[in-house]
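Read the structure below first, then the notes.
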Amino acid sequence: MTYRGAFMFVLHSHLPYARLAGRWPHGEEWIHEAAAETYVPLLETLYDLAEEGVPYKINIGITPILAEQLADPLILQHFEDYLDDRIAAARRDILFFSGLPVDSELPMRAEGRVVVTDEKQTAIDSRIVTEQRAAVEAEAEAGGNPPRPTVVTTYEPVPTAEPHLRYLAEWYKIHYENVKRAFKNRFGRDIIGAFRQLQDDGYIEIVTSAATHAYLPLLGRDSTISAQIHTGKVSYQRLFGRHPRSFWLPECAYRPAYYSRGHLRVGLETFLAEQDFAVSFTEAQTITGGQPIGMAAGDIVGPYGQIKRRYVIPAVNDMPKRDTTTFQAYFVSDSAAGDGALHHSGVAILGRNAATGQQVWSANLGYPGDFDYREFHKKAGTSGFKYWRVTGANLDLALKDYYHPDWAAYKVEQHAEHFAHLVADQLREHYTETGSPGVVVSSYDTELFGHWWFEGVLWIEKVLRHLAADPNIDLKTASEYIEAEPPTSVLHIPESSWGAGGNHFTWNNTDTRWMWEPIHEAELRMEGLVIRYPDPTPDECTVLNQIAREALLMQSSDWPFLVTTGQARDYAVQRFNQHLERFTKLADSLDRKQPDVALAEQYFELDKIFPDIDYRWFRARE
């Protein structure tokens with residue numbers, strides 16, 4: 001039987017705000033690692049496919065706070081410095097594993113590295129700032145706390161002849177040289193511009209999100225939700241030159257309308273409709289009901305898998321099963337009208353396909369766990385490079401075998417072909433059962449590919465080649481699909497997320513509850529400032545706009561997330577308190593009728609985000 005269906009990758013790119021967080025070990029290296037291992041290699045792959053005439057389509061979400069950082073000249077310069085460091089580290093390892101003395105001009109990197117590490121000690125996942133340099137020093141000059149002393153552990157490595165490790169060091173050297181060449185020459189040191197060009201050429205749709213990836217259901221004021229979404233849209237328009245049509249709800253977190261103190265708070269769909277968004281995305285169980293799966297169930301690849309390791313999460317009551325499917329889009333109901341209402345908000349929702357999702361997300365069943373793929377959790381003490389393969393399930397890190405890139409490449413081809421057949425089978429079965437074409441939506445964190453799963457970018461390339469060659473499968477972007485196949489049904493979406501248990505636990509628990517009271521107090525204070533300053537002086541406006549930036553940064557979902565996972569508690573707490581203190585200092589200066597313009601300008605130079613913000617976007621809605 002012939003069939004037809006659609007497929008879409010949805011890659012969600014997001015990293016915490018880390019500008020000027022120091023050097024190794026430092027927060028800004030989050031961005032450098034992700035750019036080197038994921039963003040630039042992904043751009044190379046997509047540009048190669050386009051130049052070859054492969055008719056692919058893909059959705060790539062870039063959160064506004066990440067886009068602002070990737071467009072920042074200082075971060076881009078630091079990224080180039082990072083690549084130079086990695087190339088130098090590879091040269092050191094080539095000498096080291098040749099049994100030769102390391103060149104004195106290529107000093108060993110010895111800031112607390114150990115030969116074997118676990119996931120809490122890797123650069124992109126620990127994010128613990130022990131060197132508080134430019135940002136903290138500037139904060140101290142502005143009257144904040146002085147930086148804490150840096151603790152550095154050193155060791156004396158002994159050169160040893162290891163032919164295979166030398167080969168891998170040479171392989172890493174070539175890899176980082178290629179990334180640097182692509183970054184500088186192919187993309188003109190403009191990562192955001194490179195993604196923008198792909199969108200302009202019709203190959204990708206760039207999905208936006210809330211300004212600082214705030215956890216929207218737990219915000220206390222609708223004014224803040226509106227400001228988060230509007231700031232994200234304006235940032236997108238400035239960086240990508242068009243109006244965004246698709247929106248990623250941070251953490252796939254949704255709440256419907258509800259009454260609070262006798263007042264109706266509208267559902268999140270209302271805010272998206274007001275900003276003219278056409279489509280958003282959610283987890284599978286939000287559409288179909290039943291037991292949480294995927295990231296909501298834990299035991300997955302990536303940082304979300306750390307939550308169950310720190311908590312014994314209470315059993316979650318399954319959502320009622322529904323006669324619905326992720327193979328079609330739905331209009332989200334206008335939840336303010338009640339469960340019985342049939343009219344909708346105008347915003348469509350697409351649910352993640354469970355079968356294809358598990359093939360990548362699952363720590364036990366997914367492709368990244370293949371024994372020939374590169375081991376994520378073990379690093380060389382000389383350089384931090386990962387020279388080992390997975391080798392075996394639940395195998396002690398000390399027993400890992402060396403990585404063989406050619407073995408891994410062979411497995412990538414197998415897994416890409418398997419995935420393409422799985423997509424085709426899913427669409428064929430749906431068509432056979434319903435007589436209607438369906439859609440398979442496979443959504444993942446972008447950083448999973450290349451960073452967590454080193455071979456993942458190559459896998460994406462091969463999957464796109466397979467699916468683009470299948471005449472029965474249409475590769476679509478989200479807004480294209482909704483325009484071509486408008487939803488015919490309205491769905492009431494339950495309160496949910498893709499966090500542990502499918503609820504808000506990851507962001508609101510005994511370790512993080514203390515954060516929400518100051519956030520809610522700042523929200524109310526922000527509304528009050530908008531009322532008090534309807535027509536501010538230039539100095540007042542400068543201070544008010546920086547207060548708005550600090551409010552947005554304080555609301556980032558990253559801070560409670562990192563505390564919950566235990567990956568970077570110190571950094572998250574420090575960053576949250578820093579933005580709260582800045583917010584308070586600037587607001588207090590207005591209360592004293594002495595707007596501290598110099599301090600506001602200093603903070604803006606540290607943050608360098610949302611230059612076109614307007615504090616009036618926080619105007620009270622009720």
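The way I read the labels, and the way they are meant: chains A, B, ... in the order of the structure tokens, residue 1 as the first residue of every chain, and ligand 1 as the first ligand shown, with later ones counted on from there.
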Please provide the set of residues having any atom within 9 Å of Asp72 (chain A), restricted to only C-alpha atoms, with same-chain residues fewer than 6 positions apart removed, written as an NGL selection string. :A and (19 or 608-609)
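Remark: for Phe604 (chain A), the closest of the candidate residues A:Ser335, A:Thr542, A:Thr286, A:Ser223 is A:Thr542 (distances computed over only C-alpha atoms).
For region 491-498 of chain A, the list of residues within 8 Å, based on only C-alpha atoms and with local chain neighbours fewer than 6 positions off taken out, reads A:Glu251, A:Cys252, A:Ala253, A:Tyr254, A:Arg255, A:Pro256, A:Thr282, A:Glu283, A:Thr286, A:Ile287, A:Gly294, A:Met295, A:Ala296, A:Tyr330, A:Phe331, A:Val332, A:Ser333, A:Ser335, A:Asp339, A:His504.
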If we count only C-alpha atoms, what is near Tyr236 (chain A) at a cut-off of 9 Å, once residues fewer than 4 positions away on the same chain are taken out, given as number ranges by chain? A: 63-64, 67, 208, 231-232, 240-244
For the selection just defined, write its residues with N, CA and C atoms to a file, as a PDB file, in the first residue's frame.
```pdb
ATOM      1  N   THR A  63      17.146  29.677  21.548  1.00  0.00           N
ATOM      2  CA  THR A  63      16.523  30.558  22.526  1.00  0.00           C
ATOM      3  C   THR A  63      17.119  31.955  22.422  1.00  0.00           C
ATOM      4  N   PRO A  64      16.336  32.979  22.728  1.00  0.00           N
ATOM      5  CA  PRO A  64      16.851  34.350  22.603  1.00  0.00           C
ATOM      6  C   PRO A  64      18.124  34.595  23.400  1.00  0.00           C
ATOM      7  N   ALA A  67      20.914  33.045  21.491  1.00  0.00           N
ATOM      8  CA  ALA A  67      21.191  33.804  20.267  1.00  0.00           C
ATOM      9  C   ALA A  67      21.943  35.092  20.576  1.00  0.00           C
ATOM     10  N   THR A 208      11.803  30.242  18.062  1.00  0.00           N
ATOM     11  CA  THR A 208      12.201  31.083  19.189  1.00  0.00           C
ATOM     12  C   THR A 208      11.573  30.578  20.490  1.00  0.00           C
ATOM     13  N   THR A 231       9.869  39.981  24.548  1.00  0.00           N
ATOM     14  CA  THR A 231      11.300  40.264  24.435  1.00  0.00           C
ATOM     15  C   THR A 231      11.967  39.244  23.523  1.00  0.00           C
ATOM     16  N   GLY A 232      11.577  37.980  23.657  1.00  0.00           N
ATOM     17  CA  GLY A 232      12.122  36.952  22.779  1.00  0.00           C
ATOM     18  C   GLY A 232      11.782  37.206  21.327  1.00  0.00           C
ATOM     19  N   PHE A 240      17.267  37.823  13.217  1.00  0.00           N
ATOM     20  CA  PHE A 240      16.941  36.982  12.071  1.00  0.00           C
ATOM     21  C   PHE A 240      16.115  37.690  11.001  1.00  0.00           C
ATOM     22  N   GLY A 241      15.721  38.936  11.242  1.00  0.00           N
ATOM     23  CA  GLY A 241      15.127  39.754  10.193  1.00  0.00           C
ATOM     24  C   GLY A 241      13.735  39.379   9.755  1.00  0.00           C
ATOM     25  N   ARG A 242      12.995  38.710  10.584  1.00  0.00           N
ATOM     26  CA  ARG A 242      11.615  38.357  10.236  1.00  0.00           C
ATOM     27  C   ARG A 242      10.824  38.060  11.509  1.00  0.00           C
ATOM     28  N   HIS A 243       9.521  37.911  11.345  1.00  0.00           N
ATOM     29  CA  HIS A 243       8.662  37.571  12.485  1.00  0.00           C
ATOM     30  C   HIS A 243       8.688  36.068  12.703  1.00  0.00           C
ATOM     31  N   PRO A 244       8.905  35.602  13.929  1.00  0.00           N
ATOM     32  CA  PRO A 244       8.888  34.153  14.180  1.00  0.00           C
ATOM     33  C   PRO A 244       7.472  33.603  14.150  1.00  0.00           C
TER      34      PRO A 244
END
```
Which residues, written as a PDB file with N, CA and C atoms, in the first residue's frame, have at least one atom at most 12 Å from Leu219 (chain A), with only C-alpha atoms counted and residues fewer than 5 positions away on the same chain left out?
```
ATOM      1  N   HIS A 213      14.485  31.831  28.707  1.00  0.00           N
ATOM      2  CA  HIS A 213      14.081  30.442  28.964  1.00  0.00           C
ATOM      3  C   HIS A 213      13.457  30.315  30.352  1.00  0.00           C
ATOM      4  N   ALA A 214      12.638  31.285  30.718  1.00  0.00           N
ATOM      5  CA  ALA A 214      11.964  31.262  32.014  1.00  0.00           C
ATOM      6  C   ALA A 214      10.942  30.134  32.061  1.00  0.00           C
ATOM      7  N   THR A 224       4.782  39.436  33.406  1.00  0.00           N
ATOM      8  CA  THR A 224       6.111  38.874  33.202  1.00  0.00           C
ATOM      9  C   THR A 224       6.109  37.854  32.075  1.00  0.00           C
ATOM     10  N   ILE A 225       5.078  37.021  32.021  1.00  0.00           N
ATOM     11  CA  ILE A 225       4.979  36.048  30.925  1.00  0.00           C
ATOM     12  C   ILE A 225       4.944  36.780  29.592  1.00  0.00           C
ATOM     13  N   SER A 226       4.122  37.814  29.527  1.00  0.00           N
ATOM     14  CA  SER A 226       4.020  38.602  28.299  1.00  0.00           C
ATOM     15  C   SER A 226       5.354  39.232  27.930  1.00  0.00           C
ATOM     16  N   ALA A 227       6.067  39.765  28.917  1.00  0.00           N
ATOM     17  CA  ALA A 227       7.358  40.413  28.658  1.00  0.00           C
ATOM     18  C   ALA A 227       8.389  39.397  28.203  1.00  0.00           C
ATOM     19  N   GLN A 228       8.408  38.211  28.811  1.00  0.00           N
ATOM     20  CA  GLN A 228       9.346  37.171  28.397  1.00  0.00           C
ATOM     21  C   GLN A 228       9.134  36.800  26.929  1.00  0.00           C
ATOM     22  N   ALA A 253       6.898  23.367  29.121  1.00  0.00           N
ATOM     23  CA  ALA A 253       6.045  23.571  30.299  1.00  0.00           C
ATOM     24  C   ALA A 253       4.824  24.400  29.929  1.00  0.00           C
ATOM     25  N   TYR A 254       3.667  23.847  30.208  1.00  0.00           N
ATOM     26  CA  TYR A 254       2.403  24.501  29.866  1.00  0.00           C
ATOM     27  C   TYR A 254       1.489  24.537  31.088  1.00  0.00           C
ATOM     28  N   ARG A 255       0.710  25.600  31.182  1.00  0.00           N
ATOM     29  CA  ARG A 255      -0.394  25.627  32.136  1.00  0.00           C
ATOM     30  C   ARG A 255      -1.604  26.251  31.473  1.00  0.00           C
ATOM     31  N   ARG A 265      -6.538  33.995  35.331  1.00  0.00           N
ATOM     32  CA  ARG A 265      -5.250  34.067  34.635  1.00  0.00           C
ATOM     33  C   ARG A 265      -5.351  33.208  33.382  1.00  0.00           C
ATOM     34  N   LEU A 268      -1.355  29.786  28.708  1.00  0.00           N
ATOM     35  CA  LEU A 268      -0.186  30.221  27.931  1.00  0.00           C
ATOM     36  C   LEU A 268      -0.502  30.355  26.455  1.00  0.00           C
ATOM     37  N   HIS A 504       6.106  20.008  37.463  1.00  0.00           N
ATOM     38  CA  HIS A 504       7.007  21.130  37.739  1.00  0.00           C
ATOM     39  C   HIS A 504       8.097  20.789  38.755  1.00  0.00           C
ATOM     40  N   TRP A 507      11.803  22.125  38.766  1.00  0.00           N
ATOM     41  CA  TRP A 507      12.045  23.551  38.974  1.00  0.00           C
ATOM     42  C   TRP A 507      11.464  24.078  40.288  1.00  0.00           C
ATOM     43  N   ASN A 508      10.659  23.269  40.947  1.00  0.00           N
ATOM     44  CA  ASN A 508      10.040  23.711  42.196  1.00  0.00           C
ATOM     45  C   ASN A 508      10.033  22.551  43.178  1.00  0.00           C
ATOM     46  N   MET A 515      13.881  30.271  45.710  1.00  0.00           N
ATOM     47  CA  MET A 515      14.093  31.193  44.599  1.00  0.00           C
ATOM     48  C   MET A 515      12.806  31.901  44.174  1.00  0.00           C
ATOM     49  N   TRP A 516      11.677  31.248  44.357  1.00  0.00           N
ATOM     50  CA  TRP A 516      10.458  31.760  43.745  1.00  0.00           C
ATOM     51  C   TRP A 516       9.881  32.969  44.466  1.00  0.00           C
ATOM     52  N   GLU A 517      10.043  33.065  45.762  1.00  0.00           N
ATOM     53  CA  GLU A 517       9.517  34.240  46.465  1.00  0.00           C
ATOM     54  C   GLU A 517      10.178  35.539  45.981  1.00  0.00           C
ATOM     55  N   PRO A 518      11.518  35.623  45.904  1.00  0.00           N
ATOM     56  CA  PRO A 518      12.103  36.862  45.371  1.00  0.00           C
ATOM     57  C   PRO A 518      11.756  37.120  43.910  1.00  0.00           C
ATOM     58  N   ILE A 519      11.576  36.054  43.122  1.00  0.00           N
ATOM     59  CA  ILE A 519      11.148  36.268  41.733  1.00  0.00           C
ATOM     60  C   ILE A 519       9.778  36.919  41.708  1.00  0.00           C
ATOM     61  N   HIS A 520       8.849  36.405  42.506  1.00  0.00           N
ATOM     62  CA  HIS A 520       7.489  36.952  42.509  1.00  0.00           C
ATOM     63  C   HIS A 520       7.466  38.374  43.070  1.00  0.00           C
ATOM     64  N   GLU A 521       8.283  38.656  44.072  1.00  0.00           N
ATOM     65  CA  GLU A 521       8.365  40.024  44.605  1.00  0.00           C
ATOM     66  C   GLU A 521       8.908  40.976  43.555  1.00  0.00           C
ATOM     67  N   ALA A 522       9.907  40.534  42.803  1.00  0.00           N
ATOM     68  CA  ALA A 522      10.474  41.383  41.754  1.00  0.00           C
ATOM     69  C   ALA A 522       9.457  41.624  40.638  1.00  0.00           C
ATOM     70  N   GLU A 523       8.637  40.639  40.353  1.00  0.00           N
ATOM     71  CA  GLU A 523       7.597  40.814  39.334  1.00  0.00           C
ATOM     72  C   GLU A 523       6.645  41.939  39.731  1.00  0.00           C
ATOM     73  N   LEU A 524       6.188  41.924  40.975  1.00  0.00           N
ATOM     74  CA  LEU A 524       5.290  42.973  41.451  1.00  0.00           C
ATOM     75  C   LEU A 524       5.974  44.337  41.447  1.00  0.00           C
ATOM     76  N   ALA A 551      15.736  41.496  35.688  1.00  0.00           N
ATOM     77  CA  ALA A 551      14.560  40.685  36.035  1.00  0.00           C
ATOM     78  C   ALA A 551      14.473  39.458  35.138  1.00  0.00           C
ATOM     79  N   LEU A 552      14.673  39.650  33.840  1.00  0.00           N
ATOM     80  CA  LEU A 552      14.606  38.531  32.907  1.00  0.00           C
ATOM     81  C   LEU A 552      15.692  37.498  33.202  1.00  0.00           C
ATOM     82  N   MET A 554      17.211  36.925  36.037  1.00  0.00           N
ATOM     83  CA  MET A 554      16.918  36.269  37.306  1.00  0.00           C
ATOM     84  C   MET A 554      15.888  35.146  37.112  1.00  0.00           C
ATOM     85  N   GLN A 555      14.983  35.293  36.156  1.00  0.00           N
ATOM     86  CA  GLN A 555      13.887  34.354  35.952  1.00  0.00           C
ATOM     87  C   GLN A 555      14.275  33.123  35.139  1.00  0.00           C
ATOM     88  N   SER A 556      15.506  33.024  34.695  1.00  0.00           N
ATOM     89  CA  SER A 556      15.919  31.886  33.871  1.00  0.00           C
ATOM     90  C   SER A 556      15.613  30.556  34.563  1.00  0.00           C
ATOM     91  N   SER A 557      15.062  29.618  33.818  1.00  0.00           N
ATOM     92  CA  SER A 557      14.788  28.287  34.372  1.00  0.00           C
ATOM     93  C   SER A 557      16.068  27.512  34.657  1.00  0.00           C
TER      94      SER A 557
END
```
Selection near Ala194 (chain A), 12 Å with only C-alpha atoms, sequence-local residues under 2 positions removed, as an NGL selection string: :A and (39-44 or 46-47 or 67 or 70-71 or 182-192 or 196-201 or 203-204 or 206 or 239-240)
Per DSSP on the backbone, filter region 238-444 of chain A down to the residues in strand (DSSP E) and report them as JSON, numbers by chain. {"A": [246, 247, 248, 258, 259, 260, 263, 264, 265, 279, 280, 281, 282, 330, 331, 332, 333, 344, 345, 346, 347, 348, 349, 350, 351, 439, 440, 441, 442, 443, 444]}
Best match for closeness to Tyr259 (chain A) among A:Gly202, A:Asp474, A:Ala469, A:Ala336, counting only C-alpha atoms: A:Ala336
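The shortest atom-to-atom distance to Ala34 (chain A), with only C-alpha atoms taken into account, belongs to A:His451 out of A:His451, A:Lys233, A:His377, A:Lys585.
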